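Structure data follow from work.txt (compact mmCIF, C-alpha atoms):
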```txt
# COMPACT_ATOMS: atom_id res chain seq x y z
CA MET A 236 60.09 -103.06 60.70
CA PRO A 237 58.33 -100.88 63.31
CA THR A 238 58.82 -97.26 62.26
CA THR A 239 57.39 -93.75 62.50
CA ALA A 240 56.42 -91.20 59.84
CA PHE A 241 59.76 -89.41 60.38
CA THR A 242 62.35 -89.85 57.61
CA PRO A 243 65.79 -88.20 57.39
CA ALA A 244 65.26 -87.01 53.80
CA GLN A 245 61.90 -85.40 54.51
CA HIS A 246 62.21 -84.26 58.13
CA GLY A 247 65.96 -83.72 58.58
CA TYR A 248 68.17 -80.77 57.67
CA HIS A 249 69.90 -80.83 54.27
CA PHE A 250 73.18 -79.55 55.73
CA ALA A 251 75.46 -81.32 58.20
CA ASN A 252 76.42 -80.35 61.73
CA TYR A 253 79.39 -78.14 60.87
CA PHE A 254 78.64 -75.55 63.52
CA VAL A 255 81.58 -74.13 65.43
CA ASN A 256 81.70 -75.71 68.89
CA VAL A 257 79.78 -73.84 71.57
CA ILE A 258 79.96 -73.81 75.34
CA ALA A 259 76.92 -75.17 77.19
CA ASP A 260 75.93 -75.60 80.84
CA VAL A 261 75.17 -79.17 81.89
CA PRO A 262 73.20 -79.36 85.17
CA GLY A 263 75.45 -80.60 87.94
CA VAL A 264 78.57 -80.51 85.75
CA GLY A 265 79.07 -76.95 84.53
CA LYS A 266 80.60 -75.73 81.30
CA LEU A 267 81.57 -78.15 78.55
CA GLN A 268 82.43 -77.95 74.88
CA THR A 269 80.19 -79.81 72.46
CA SER A 270 80.84 -81.20 68.99
CA GLY A 271 78.74 -78.68 67.10
CA ARG A 272 75.01 -78.49 67.83
CA CYS A 273 73.82 -82.05 67.36
CA GLY A 274 71.25 -81.85 70.16
CA GLY A 275 69.87 -78.58 68.84
CA MET A 276 69.54 -79.97 65.32
CA ALA A 277 67.86 -83.15 66.61
CA PHE A 278 65.44 -81.29 68.90
CA SER A 279 64.54 -78.67 66.27
CA ALA A 280 63.99 -81.30 63.57
CA LEU A 281 61.54 -83.05 65.91
CA ASP A 282 59.87 -79.70 66.67
CA HIS A 283 59.05 -79.29 62.98
CA PHE A 284 57.91 -82.90 62.72
CA PHE A 285 55.50 -82.71 65.66
CA PHE A 286 54.06 -79.36 64.55
CA ASN A 287 53.75 -80.66 60.97
CA LEU A 288 55.99 -77.88 59.61
CA LYS A 289 58.65 -78.12 56.92
CA LEU A 290 62.25 -77.40 57.81
CA PRO A 291 63.85 -74.50 55.92
CA PRO A 292 65.19 -76.05 52.66
CA PHE A 293 68.70 -74.66 53.05
CA THR A 294 71.69 -76.58 51.67
CA PRO A 295 75.42 -76.04 52.40
CA ALA A 296 75.66 -73.91 49.24
CA ASP A 297 73.33 -71.33 50.81
CA PHE A 298 75.90 -70.70 53.54
CA ALA A 299 79.23 -70.99 51.74
CA PRO A 300 81.93 -71.28 52.89
CA ALA A 301 80.80 -72.16 56.44
CA ARG A 302 78.14 -74.66 55.17
CA VAL A 303 75.81 -73.81 58.10
CA PRO A 304 73.76 -70.72 59.00
CA PRO A 305 75.86 -67.91 60.53
CA ASP A 306 75.32 -67.20 64.20
CA ASP A 307 73.28 -64.06 63.50
CA HIS A 308 70.73 -65.98 61.40
CA PRO A 309 67.42 -66.89 63.14
CA LEU A 310 67.87 -70.59 62.30
CA ALA A 311 71.32 -70.70 63.92
CA ARG A 312 69.99 -68.99 67.06
CA TYR A 313 67.04 -71.38 67.21
CA ILE A 314 69.28 -74.44 66.86
CA TYR A 315 71.62 -73.01 69.51
CA ASN A 316 68.75 -72.46 71.97
CA ARG A 317 67.46 -75.99 71.41
CA GLN A 318 71.02 -77.26 71.95
CA ILE A 319 70.97 -75.67 75.40
CA ASP A 320 67.49 -77.11 76.02
CA SER A 321 68.83 -80.59 75.25
CA PHE A 322 71.34 -80.21 78.10
CA LEU A 323 68.74 -78.89 80.56
CA THR A 324 66.76 -82.14 80.55
CA LEU A 325 67.20 -84.37 83.59
CA THR A 326 68.26 -87.28 81.38
CA ALA A 327 71.20 -85.16 80.19
CA ALA A 328 72.91 -86.23 83.43
CA LYS A 329 73.43 -89.61 81.77
CA PHE A 330 75.99 -88.06 79.43
CA VAL A 331 78.19 -87.68 82.51
CA LEU A 332 77.14 -90.74 84.48
CA TRP A 333 77.35 -93.18 81.59
CA SER A 334 80.70 -91.78 80.44
CA LEU A 335 82.07 -92.63 83.89
CA ALA A 336 80.26 -95.96 84.24
CA PRO A 337 81.88 -99.28 83.22
CA ASP A 338 80.83 -101.11 80.06
CA GLY A 339 80.01 -104.34 81.86
CA PRO A 340 78.28 -105.08 85.14
CA SER A 341 80.02 -104.42 88.44
CA PHE A 342 79.05 -104.84 92.08
CA PHE A 343 77.31 -101.45 92.03
CA SER A 344 76.07 -101.05 88.46
CA LYS A 345 74.53 -102.87 85.51
CA GLY A 346 77.01 -101.11 83.25
CA VAL A 347 76.41 -99.21 80.03
CA ARG A 348 75.95 -102.33 77.89
CA ARG A 349 73.10 -103.84 79.92
CA ARG A 350 71.46 -100.47 80.58
CA THR A 351 71.25 -99.92 76.82
CA ARG A 352 69.99 -103.37 75.85
CA GLU A 353 67.58 -103.85 78.74
CA ASP A 354 66.26 -100.48 79.90
CA GLU A 355 66.76 -98.09 76.98
CA TRP A 356 65.86 -100.57 74.22
CA LYS A 357 62.50 -101.09 75.97
CA ARG A 358 61.89 -97.32 76.14
CA LEU A 359 62.81 -96.92 72.48
CA ARG A 360 60.52 -99.75 71.33
CA GLU A 361 57.57 -98.46 73.34
CA SER A 362 57.91 -94.99 71.82
CA ILE A 363 58.44 -96.16 68.22
CA ASP A 364 55.51 -98.57 68.55
CA ARG A 365 53.37 -95.51 69.37
CA GLY A 366 54.67 -93.79 66.24
CA VAL A 367 56.79 -91.30 68.24
CA PRO A 368 60.42 -90.75 67.19
CA VAL A 369 62.88 -90.01 70.00
CA THR A 370 66.22 -88.32 70.59
CA LEU A 371 69.06 -90.66 71.58
CA GLY A 372 72.20 -89.73 73.49
CA LEU A 373 75.10 -91.79 72.10
CA ILE A 374 77.98 -92.51 74.48
CA VAL A 375 81.61 -92.95 73.49
CA ALA A 376 83.46 -90.98 76.20
CA ARG A 377 85.07 -92.70 79.20
CA ASP A 378 86.02 -89.59 81.17
CA LEU A 379 84.85 -86.01 81.69
CA GLY A 380 87.53 -84.65 79.37
CA ASN A 381 85.90 -86.32 76.37
CA LEU A 382 82.24 -85.55 77.07
CA GLY A 383 82.12 -83.46 73.89
CA ARG A 384 82.65 -86.61 71.81
CA ASN A 385 79.25 -87.96 72.84
CA HIS A 386 76.50 -87.34 70.30
CA GLN A 387 72.74 -86.82 69.83
CA VAL A 388 70.58 -88.24 67.02
CA VAL A 389 66.92 -88.94 66.20
CA ALA A 390 65.72 -92.57 66.25
CA HIS A 391 62.70 -93.14 64.00
CA GLY A 392 62.52 -96.93 63.71
CA TYR A 393 63.93 -100.24 64.93
CA ASP A 394 64.25 -103.83 63.80
CA ILE A 395 65.30 -107.17 65.26
CA ASP A 396 67.21 -109.63 63.09
CA THR A 397 66.09 -112.83 64.78
CA ALA A 398 68.28 -115.08 62.63
CA GLY A 399 71.40 -112.99 63.18
CA GLY A 400 70.55 -112.05 66.78
CA LYS A 401 70.99 -108.34 66.07
CA PHE A 402 69.25 -105.23 67.38
CA ILE A 403 68.95 -102.45 64.80
CA VAL A 404 68.00 -98.79 65.35
CA HIS A 405 67.20 -96.54 62.37
CA LEU A 406 68.56 -93.02 62.76
CA TYR A 407 68.64 -89.49 61.47
CA ASP A 408 72.24 -88.55 62.28
CA VAL A 409 72.66 -84.79 61.92
CA ASN A 410 76.28 -85.32 60.85
CA TRP A 411 75.09 -87.24 57.75
CA PRO A 412 72.11 -85.41 56.19
CA ASP A 413 69.59 -87.08 53.87
CA GLN A 414 70.95 -90.55 54.67
CA GLU A 415 69.35 -93.59 56.26
CA ILE A 416 71.73 -94.57 59.05
CA THR A 417 71.49 -97.62 61.31
CA LEU A 418 72.93 -98.51 64.69
CA THR A 419 73.49 -102.25 65.12
CA ALA A 420 74.63 -104.62 67.85
CA SER A 421 74.16 -108.24 68.79
CA ALA A 422 73.63 -109.42 72.34
CA ASP A 423 77.36 -110.19 72.69
CA ASP A 424 78.83 -107.13 70.93
CA ALA A 425 80.90 -104.76 73.04
CA THR A 426 79.81 -101.71 70.99
CA TRP A 427 77.07 -100.44 68.71
CA GLN A 428 78.20 -100.03 65.08
CA GLU A 429 76.91 -97.07 63.08
CA SER A 430 76.51 -97.53 59.33
CA SER A 431 77.57 -93.94 58.57
CA PRO A 432 80.54 -93.30 56.23
CA ALA A 433 82.71 -92.75 59.33
CA LYS A 434 81.66 -96.14 60.82
CA GLU A 435 81.44 -94.73 64.35
CA GLN A 436 81.26 -97.15 67.27
CA TRP A 437 79.36 -96.29 70.45
CA ARG A 438 79.52 -97.82 73.91
CA GLY A 439 75.76 -97.46 74.34
CA TRP A 440 72.85 -95.04 74.13
CA PHE A 441 69.85 -93.75 76.06
CA VAL A 442 66.51 -92.13 75.23
CA GLN A 443 66.54 -88.42 76.06
CA ASP A 444 63.72 -86.36 77.51
CA TYR A 445 62.20 -84.09 74.89
CA ALA A 446 59.35 -81.55 74.86
CA ALA A 447 58.23 -80.05 71.55
CA HIS A 448 58.51 -76.27 71.04
CA ARG A 449 56.76 -74.51 68.18
CA PRO A 450 59.48 -73.20 65.84
CA PRO A 451 59.67 -69.43 65.16
CA ASP A 452 58.19 -68.15 61.90
CA ASN A 453 61.34 -66.46 60.54
CA LEU A 454 63.69 -69.44 60.19
CA ALA A 455 63.61 -69.45 56.36
CA GLN A 456 64.86 -65.86 56.22
CA PRO A 457 67.37 -65.57 53.33
CA PRO A 458 70.94 -65.47 54.64
CA ALA A 459 72.63 -62.10 54.41
CA GLY A 460 76.09 -63.69 54.42
CA ALA A 461 78.13 -65.64 56.92
CA THR A 462 79.52 -63.85 59.96
CA LYS A 463 82.50 -66.01 60.78
CA GLY A 464 83.42 -66.34 64.41
CA LEU A 465 80.60 -64.16 65.75
CA GLU A 466 79.72 -65.01 69.35
CA LEU A 467 76.05 -65.62 70.02
CA GLU A 468 76.22 -63.63 73.21
CA THR A 469 76.81 -60.41 71.19
CA ILE A 470 73.69 -60.84 69.04
CA GLU A 471 71.05 -60.35 71.73
CA LYS A 472 71.27 -58.33 74.90
CA ASN A 473 70.85 -60.58 77.89
CA GLU A 474 68.24 -59.88 80.53
CA THR A 475 68.88 -60.59 84.19
CA VAL A 476 66.33 -62.90 85.83
CA THR A 477 66.37 -63.66 89.54
CA MET A 478 64.50 -66.49 91.21
CA ARG A 479 64.10 -65.81 94.94
CA LEU A 480 63.58 -69.04 96.88
CA LYS A 481 61.34 -68.35 99.85
CA ARG A 482 59.90 -71.38 101.59
CA LEU A 483 59.77 -75.20 101.48
CA SER A 484 56.80 -77.01 103.00
CA PHE A 485 56.87 -80.80 103.19
CA PHE A 486 53.78 -83.00 103.15
CA ASN A 487 53.01 -86.70 103.50
CA ALA A 488 49.40 -86.93 104.62
CA GLN A 489 49.27 -90.72 104.30
CA GLN A 490 52.23 -91.22 106.67
CA PRO A 491 52.38 -88.06 108.80
CA GLY A 492 54.64 -89.68 111.38
CA LEU A 493 57.29 -90.78 108.88
CA GLN A 494 60.68 -89.09 109.12
CA GLU A 495 63.46 -89.49 106.54
CA PRO A 496 66.59 -87.69 105.33
CA ALA A 497 66.30 -85.59 102.19
CA ALA A 498 68.16 -83.07 100.06
CA LEU A 499 66.94 -81.08 97.06
CA VAL A 500 68.49 -79.06 94.27
CA PHE A 501 66.80 -76.23 92.39
CA SER A 502 68.06 -75.06 89.01
CA VAL A 503 67.42 -72.01 86.81
CA ASN A 504 68.93 -72.51 83.32
CA GLY A 505 71.68 -74.62 84.87
CA GLU A 506 72.49 -72.33 87.82
CA GLN A 507 71.80 -74.28 90.99
CA SER A 508 70.97 -73.86 94.66
CA ARG A 509 71.06 -76.86 97.01
CA TRP A 510 69.08 -77.41 100.20
CA PRO A 511 70.74 -78.04 102.53
CA ALA A 512 74.13 -76.74 101.35
CA SER A 513 75.62 -80.17 102.13
CA GLY A 514 74.45 -83.46 103.52
CA THR A 515 70.77 -84.08 104.27
CA ARG A 516 68.08 -82.91 106.69
CA MET A 517 65.41 -84.95 108.41
CA ILE A 518 61.94 -84.11 107.12
CA LYS A 519 58.40 -85.04 108.10
CA HIS A 520 54.85 -84.00 107.27
CA GLY A 521 54.25 -80.31 108.01
CA LYS A 522 57.91 -79.30 108.26
CA LYS A 523 58.60 -75.80 106.88
CA VAL A 524 61.97 -74.36 105.92
CA GLN A 525 62.76 -70.71 105.22
CA LEU A 526 65.23 -70.62 102.31
CA ARG A 527 66.06 -66.93 101.73
CA ARG A 528 68.19 -67.69 98.70
CA ALA A 529 68.39 -66.35 95.17
CA ILE A 530 69.46 -67.75 91.81
CA LYS A 531 70.41 -65.08 89.26
CA VAL A 532 70.89 -65.85 85.57
CA LYS A 533 71.26 -63.97 82.30
CA VAL A 534 68.92 -65.08 79.53
CA LYS A 535 68.52 -64.08 75.89
CA PRO A 536 65.12 -62.63 74.88
CA SER A 537 64.60 -65.46 72.35
CA ALA A 538 65.48 -68.22 74.84
CA GLN A 539 63.46 -70.03 77.49
CA LEU A 540 63.74 -69.77 81.27
CA THR A 541 63.72 -73.30 82.66
CA ILE A 542 63.22 -73.86 86.38
CA THR A 543 63.52 -77.34 87.87
CA GLY A 544 63.67 -79.01 91.25
CA ARG A 545 64.52 -82.59 92.16
CA PRO A 546 65.99 -84.79 94.89
CA VAL A 547 69.76 -84.83 95.19
CA PHE A 548 71.71 -87.97 94.28
CA ASP A 549 75.04 -87.41 95.97
CA ASP A 550 76.52 -90.87 95.47
CA LEU A 551 77.60 -91.36 91.84
CA GLN A 552 77.28 -95.14 91.85
CA ALA A 553 73.91 -94.91 93.56
CA GLU A 554 72.68 -92.56 90.85
CA ILE A 555 74.06 -94.78 88.11
CA GLU A 556 72.05 -97.63 89.60
CA ASP A 557 68.96 -95.43 90.07
CA PHE A 558 68.28 -94.62 86.42
CA ASP A 559 64.70 -95.83 86.77
CA TYR A 560 64.05 -92.36 88.23
CA PHE A 561 65.19 -90.74 84.98
CA ALA A 562 63.27 -93.27 82.89
CA LEU A 563 60.01 -91.80 84.18
CA ALA A 564 58.32 -88.91 82.42
CA PRO A 565 59.52 -85.61 84.01
CA GLU A 566 56.08 -84.83 85.43
CA SER A 567 55.98 -88.28 87.10
CA ARG A 568 59.34 -88.25 88.88
CA PRO A 569 58.70 -88.21 92.64
CA GLY A 570 59.98 -85.05 94.29
CA SER A 571 60.55 -83.14 91.04
CA PHE A 572 59.00 -80.29 89.09
CA SER A 573 59.78 -78.43 85.88
CA LEU A 574 58.54 -75.01 84.70
CA ARG A 575 59.28 -72.97 81.58
CA PHE A 576 58.70 -69.29 80.91
CA SER A 577 59.34 -67.12 77.85
CA ARG A 578 59.98 -63.41 77.57
CA ASP A 579 56.40 -62.99 76.32
CA GLU A 580 55.34 -64.39 79.69
CA LYS A 581 57.61 -61.84 81.40
CA TRP A 582 59.81 -64.75 82.49
CA GLY A 583 57.04 -65.71 84.94
CA ARG A 584 57.48 -62.50 86.92
CA GLY A 585 55.68 -62.55 90.27
CA ALA A 586 54.99 -65.01 93.09
CA HIS A 587 54.67 -68.75 92.53
CA SER A 588 53.87 -71.87 94.52
CA VAL A 589 54.57 -75.26 92.94
CA ASN A 590 54.06 -78.79 94.25
CA SER A 591 56.49 -81.58 93.48
CA ALA A 592 55.35 -84.65 91.57
CA GLY A 593 54.57 -87.83 93.50
CA SER A 594 51.72 -89.43 95.38
CA ALA A 595 51.67 -89.31 99.17
CA GLY A 596 54.84 -87.40 99.98
CA GLY A 597 56.41 -84.32 98.47
CA TYR A 598 56.96 -80.62 99.02
CA THR A 599 55.68 -77.19 98.04
CA LEU A 600 58.18 -74.54 96.96
CA ASP A 601 57.24 -70.86 97.25
CA PHE A 602 59.35 -68.54 95.12
CA ALA A 603 59.25 -65.28 93.18
CA ILE A 604 60.64 -64.17 89.80
CA GLU A 605 62.16 -60.74 89.17
CA TYR A 606 63.87 -59.50 86.02
CA ARG A 607 65.54 -56.47 84.51
CA LYS A 608 64.99 -55.69 80.84
CA ALA A 609 67.94 -55.26 78.53
CA LYS A 610 68.62 -51.66 77.59
```
Could I get this file's structure written as structure tokens?
Amino acid sequence: MPTTAFTPAQHGYHFANYFVNVIADVPGVGKLQTSGRCGGMAFSALDHFFFNLKLPPFTPADFAPARVPPDDHPLARYIYNRQIDSFLTLTAAKFVLWSLAPDGPSFFSKGVRRRTREDEWKRLRESIDRGVPVTLGLIVARDLGNLGRNHQVVAHGYDIDTAGGKFIVHLYDVNWPDQEITLTASADDATWQESSPAKEQWRGWFVQDYAAHRPPDNLAQPPAGATKGLELETIEKNETVTMRLKRLSFFNAQQPGLQEPAALVFSVNGEQSRWPASGTRMIKHGKKVQLRRAIKVKVKPSAQLTITGRPVFDDLQAEIEDFDYFALAPESRPGSFSLRFSRDEKWGRGAHSVNSAGSAGGYTLDFAIEYRKAK
């Protein structure tokens, strides 16, 4: 069985995902309620794995009666911030798109079933074969009202039962700590069956973007006692950060005469600004656009400021069919960029100029960062 060095017992948390639901911003969708902090637990477990650090050895008994760290504990804040990070990846759009997509193929789409078995299975195998565990987004929802029922786990191995014709993924499911869980389907199965005690069934799954962050040093701080119902927003004073969009300059030196329609969206921690406001504009090499727009967000001192830009996919079915774009590494997606700044970096305060990814054609965005410290 191809596998990685990651194991649930050694590299997973020893408490389950009993966090009180939180509200998160999903790019292009807005606010939604999640089932605990599965993405944050998956991302933070991988952070410790990749930095060769041990997770804090807490058990549910350390946090009785809530069974998880209270919201004012550094570990809870860290998991919360990584939860938000998991929704700020470009692949997080698949939580919405796949929930709305059909199971089987249609005129416009492969469907969730084929996307999982053909595209995502290949991505998973390639990563596991390199010894790199990945985060999976599991899909069960069929409408926007049930997005919170989707789930995030860590995949650390896979197997193929040739005789039985089954595909098997080995998981760390944050809802079932210290257990080896599998996700199994044959080529003809309508769903993927999880071996957890709850026997969950999933329509399909995809490999999520993930970038490792070094965990803070204070996560093993002894709990002072649960603070039931405390809102995270009251723990840290937010700081106001403003990104002022100044200028777009388009380039395509290899085909300077080419003209084509385009639209872009820029995002700061989920708050977006679109160019143009609707529809598309014709662009060509050397075209410059004055933007004169601003995106203002509030950010916690312990969080990250994430700034992204990418082409707009207005047509839902077209975007469902264009998942090859999201299958690329973020730095390789044509017409996109992604930047991160911390408070220690003064949120990137000052003037910036960033080029989009891609070969011949792309754009340069000039912008500036301003912020006001919390008092």
One-decimal distance in Å that lies between CA of Phe284 in chain A and CA of His308 in chain A: 21.3 Å
Quick check, in Å to one decimal: how far apart do CA of Thr477 in chain A and CA of Leu325 in chain A lie? 21.6 Å
For a quick check of understanding, using all atoms listed in the file, which of A:Gln456, A:Arg350, A:Thr543, A:Ser334 has the smallest distance to Asp297 in chain A?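 Nearest to Asp297 in chain A: A:Gln456.
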Computed interatomic separation between CA of Ser279 in chain A and CA of Phe501 in chain A (Å): 26.3 Å
Env of Arg516 in chain A: 12 Å cut, atoms = only C-alpha atoms, seq-sep filter 6 positions within chain, self excluded. Answer as a ChimeraX atom specification. /A:485,494-499,509-510,522-524,547
Suppose we keep C-alpha atoms; can you now write the selection as an mmCIF file, keeping the file's coordinate frame?
```cif
data_model
loop_
_atom_site.group_PDB
_atom_site.id
_atom_site.type_symbol
_atom_site.label_atom_id
_atom_site.label_comp_id
_atom_site.auth_asym_id
_atom_site.auth_seq_id
_atom_site.Cartn_x
_atom_site.Cartn_y
_atom_site.Cartn_z
ATOM 1 C CA PHE A 485 56.870 -80.800 103.190
ATOM 2 C CA GLN A 494 60.680 -89.090 109.120
ATOM 3 C CA GLU A 495 63.460 -89.490 106.540
ATOM 4 C CA PRO A 496 66.590 -87.690 105.330
ATOM 5 C CA ALA A 497 66.300 -85.590 102.190
ATOM 6 C CA ALA A 498 68.160 -83.070 100.060
ATOM 7 C CA LEU A 499 66.940 -81.080 97.060
ATOM 8 C CA ARG A 509 71.060 -76.860 97.010
ATOM 9 C CA TRP A 510 69.080 -77.410 100.200
ATOM 10 C CA LYS A 522 57.910 -79.300 108.260
ATOM 11 C CA LYS A 523 58.600 -75.800 106.880
ATOM 12 C CA VAL A 524 61.970 -74.360 105.920
ATOM 13 C CA VAL A 547 69.760 -84.830 95.190
#
```
When distances are computed from all atoms listed in the file, which of A:Phe602, A:Phe254, A:Phe330, A:Tyr315 shows the smallest separation from Gln539 in chain A?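 So, comparing all the options, the nearest one is A:Tyr315.
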Restricting to only C-alpha atoms, whichever of A:Pro295, A:Asp408, A:Tyr313, A:Asp354 is closest to Asn453 in chain A is A:Tyr313
From the list A:Leu288, A:Ala336, A:Leu281, A:Val409, the nearest residue to Thr239 in chain A using all atoms listed in the file is A:Leu281
Min atom-atom distance to Ser421 in chain A from the set A:Ala592, A:Val534, A:Ala433, A:Ala398, counting all atoms listed in the file, belongs to A:Ala398
Calculated over only C-alpha atoms, which of the candidates A:Pro292, A:Gly596, A:Pro305, A:Gly372 has the smallest distance to Thr326 in chain A? A:Gly372
List the spatial neighbours of Ile395 in chain A as a PyMOL selection string - criterion: any atom at most 12 Å away, all atoms listed in the file, same-chain residues fewer than 4 positions off excluded. chain A and resi 236-237+356+360+399-405+418-422
So which residues touch Lys531 in chain A within 7 Å, counting only C-alpha atoms, skipping near sequence neighbours fewer than 5 positions away, as an NGL selection string? :A and (475-478)
Can you list, as an MDAnalysis selection string, every protein, DNA or RNA residue that comes within 10 Å of range 240-250 of chain A when you count all atoms listed in the file, leaving out same-chain residues fewer than 2 positions away? chainID A and resid 238 252:253 276:277 279:285 287:298 302:304 363 366:368 389:392 405:416
What's around Gly585 in chain A at 12 Å? Count all atoms listed in the file, leave out sequence neighbours fewer than 2 positions away in its own chain, and write the answer as an MDAnalysis selection string. chainID A and resid 476:479 576 580:583 587:588 601:606
Starting from the point (84.5, -89.1, 69.0), work out which residues of protein, DNA or RNA have an atom no more than 7 Å away when counting all atoms listed in the file; state them as a VMD selection string. chain A and resid 375 384 to 385
